[in-house]
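Trainee: Sharing a structure with you now.
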Amino acid sequence: MFLKKAILVSSALLVVSGPAGAFRNCDTQDSDAWSAATRYTVGELTFNDTTGLASGTETIYNYSNAYDTSKGECHVTYELSGSYVAGVEVFVLNGTRSNYSDTCPPDLLRIEYPTDLLLSFQMQPAQDGSAVVSSADSGVHLADGYWQPGKAMFKTGEICSIF
């Protein structure tokens, strides 16, 4: 995103329904190719309270209803690095697209998954090891996850998206 700010779920999409219950559950009426797809994001982070450094990966998974499994899955991975603020659990990370499946349509990659992006979010860990991930700017809930000292993971809910 030519260093365009993205908040965890990278790219602007039109959400056409609430959380999806299973893969490939988007309505494909009046759609072509990849226009309706179920999407979710998974992230894994490591961080250091003392140095304030953080790194990890974020992978976005897309499942198009219009294609079978061999053509209808497109995942994109970003390598993340940046800073972590202990005590408030805020992450500000630069992402570099490092991998994607060969079934990703070139236009989808070009439009939705830029080479570089910026993520900023806050994780709120609970005593049971679970965590809530929110936008660092607005506080909007983005994902749920797990927290341990020095590492964390998150997963967004599934959404039906129009590309």
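Ordering of the structure tokens sets the chain letters (A, B, ...); residue numbers start at 1 within each chain; ligands are numbered from 1 in the order shown.
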Report as a CSV table (one decimal) with C-alpha atoms, in the first residue's frame all protein, DNA and RNA residues lying within 6 Å of Arg97 in chain A, evaluated on only C-alpha atoms, omitting residues in the same chain fewer than 2 positions from it.
Mentor:
chain,number,residue,atom,x,y,z
A,77,THR,CA,2.0,-13.3,3.4
A,78,TYR,CA,3.7,-10.2,4.7
A,115,THR,CA,4.4,-4.7,-1.8
Trainee: Given the choices A:Leu118, A:Cys160, A:Ala131, A:Ile60, which gets closest to Asn99 in chain A if the distance is worked out from only C-alpha atoms?
Mentor: A:Ile60
Trainee: When you look at Ser55 in chain A with a cut-off of 9 Å (counting only C-alpha atoms), what residues show up, excluding the ones that are within fewer than 4 positions of it in the same chain? I need them as an MDAnalysis selection string.
Mentor: chainID A and resid 44:47 79:83 93
Trainee: Just write the chosen residues, C-alpha atoms, as a CSV table (one decimal), in the first residue's frame.
Mentor:
chain,number,residue,atom,x,y,z
A,44,GLU,CA,2.0,-14.4,14.5
A,45,LEU,CA,4.2,-12.0,16.4
A,46,THR,CA,7.3,-12.0,18.6
A,47,PHE,CA,8.3,-9.0,20.6
A,79,GLU,CA,6.9,-10.2,6.8
A,80,LEU,CA,6.4,-7.7,9.7
A,81,SER,CA,8.9,-5.7,11.6
A,82,GLY,CA,8.7,-2.6,13.8
A,83,SER,CA,8.1,-1.5,17.3
A,93,LEU,CA,4.7,-2.6,12.1
Trainee: Could you tell me which of A:Gly145, A:Gly95, A:Pro106, A:Gly139 comes closest to Ala126 in chain A if we count only C-alpha atoms?
Mentor: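 With only C-alpha atoms as the atom set, the closest residue is A:Gly145.
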Trainee: Restricting the calculation to only C-alpha atoms, which member of A:Asn94, A:Thr156, A:Ser120, A:Ser161 is positioned closest to Val132 in chain A?
Mentor: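 That would be A:Thr156, the residue with the smallest distance to Val132 in chain A.
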Trainee: With a distance cut-off of 12 Å and only C-alpha atoms, select the neighbouring residues of Val90 in chain A, excluding the residue or stretch itself and same-chain residues fewer than 5 positions from it, and output the selection as a PyMOL selection string.
Mentor: chain A and resi 47+49+52-54+82-85+119-125+132-137+139
Trainee: Could you check the closest approach to Thr50 in chain A for each of A:Leu109, A:Ser130, A:Ala86, A:Asp116 and tell me which residue wins, using only C-alpha atoms?
Mentor: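 Looking at the shortest contact to Thr50 in chain A, the residue is A:Ala86.
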Trainee: Would you return as a VMD selection string the members of range 43-156 of chain A that DSSP assigns to strand (DSSP E) on this structure's backbone?
Mentor: chain A and resid 43 to 47 53 to 64 73 to 85 90 to 100 116 to 125 130 to 135 141 to 148 151 to 155
Trainee: Can you work out which one of A:Asp128, A:Asn62, A:Val76, A:Leu142 has the shortest atom-to-atom distance to Arg110 in chain A, counting only C-alpha atoms?
Mentor: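 Answer, going by the shortest atom-to-atom distance: A:Val76.
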Trainee: Could you tell me which of A:Gly43, A:Gly129, A:Pro114, A:Gly157 comes closest to His141 in chain A if we count only C-alpha atoms?
Mentor: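 Of all the options, A:Gly157 lies closest to His141 in chain A.
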Trainee: CA of Phe154 in chain A and CA of Thr38 in chain A, how far apart in Å?
Mentor: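 Interatomic distance, CA of Thr38 in chain A to CA of Phe154 in chain A: 17.5 Å.
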